[in-house]
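Novice: Attaching a single structure in structure tokens format; questions to follow.
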Amino acid sequence: GAVVSQHPSWVICKSGTSVKIECRSLDFQATTMFWYRQFPKQSLMLMATSNEGSKATYEQGVEKDKFLINHASLTLSTLTVTSAHPEDSSFYICSANRGQPQHFGDGTRLSIL
Amino acid sequence: GESVGLHLPTLSVQEGDNSIINCAYSNSASDYFIWYKQESGKGPQFIIDIRSNMDKRQGQRVTVLLNKTVKHLSLQIAATQPGDSAVYFCAEAAGGGYNKLIFGAGTRLAVHP
């Protein structure tokens, strides 16, 4: 069964709205979670590493003020896309390590109108 | 290495044939490699992994081969089935599988009856 859960699975909202995506580890504690972004017909691009109890580590080119990450507990990390615009429309996927390998959620499709 | 390009290469095979999907990685320091399968609209699903101290590992109908000399990884699927149709990604990590994964560009596998 699934070990990582994402919510919501699909979001459609107006430009300028902030959107929060949740990533939960099921039945295990994850001190580290990862957030990826995937455009159609492309690979997964790592956005940031979410660390429980401390600041997230962002990859080069990812705006930390645009993509806010909060890892407030050992089973929950959230990604907030602030003031979303059409160019932020994408498939956002989180992952967590339950030992090895990394397990992925089923993603959130974000569509900004 | 980093994923580039807008079009995934496609491998077309007949049902029952063996499939070989190749991947080149870029970081000589990578010591953990993993293959994922991604179906449309879903997150990546773990297939098989391998550490750098091995050059071959077998699973159920799948085999991963690692050639560190030329930084090449391959996934072999035996007796390919229609349910194997998906996009396959290799990923690499340094410091074991607990660190961030860097994904390859991906290959679409199309299985024809």
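Going through the structure tokens in order, the chains are called A, B, and so on, while each chain numbers its residues from 1 and the ligands are numbered from 1 in the order shown.
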Using only C-alpha atoms, which protein or nucleic acid residues come within 10 Å of Asn67 in chain B? Drop anything in the same chain fewer than 6 positions from it, and give the result as a PyMOL selection string.

Specialist: chain B and resi 24+52+54-56+73-74

Novice: Taking only C-alpha atoms into account, which residues of chain B are within 12 Å of chain A, as a PyMOL selection string?

Specialist: chain B and resi 1-10+32-51+86-93+96-108

Novice: Identify which of the residues B:His72, B:Ser85, B:Ala94, B:Ala79 lies closest to Asp17 in chain B, counting only C-alpha atoms when measuring atom-to-atom distances.

Specialist: B:Ala79

Novice: Residues at most 10 Å from Gln58 in chain B, counting only C-alpha atoms, excluding those fewer than 3 positions away in the same chain, as a list in words?

Specialist: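 What passes the distance filter is Ile48, Asp49, Ile50, Arg61, Val62, Thr63, Val64, Leu65, Leu75 and Gln76 of chain B.
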
Novice: From a DSSP pass on the backbone, collect the residues of chain A flagged as strand (DSSP E) and hand them back as a VMD selection string.

Specialist: chain A and resid 4 to 7 10 to 13 19 to 25 32 to 38 44 to 51 57 to 58 67 to 73 76 to 81 90 to 97 102 to 104 108 to 112
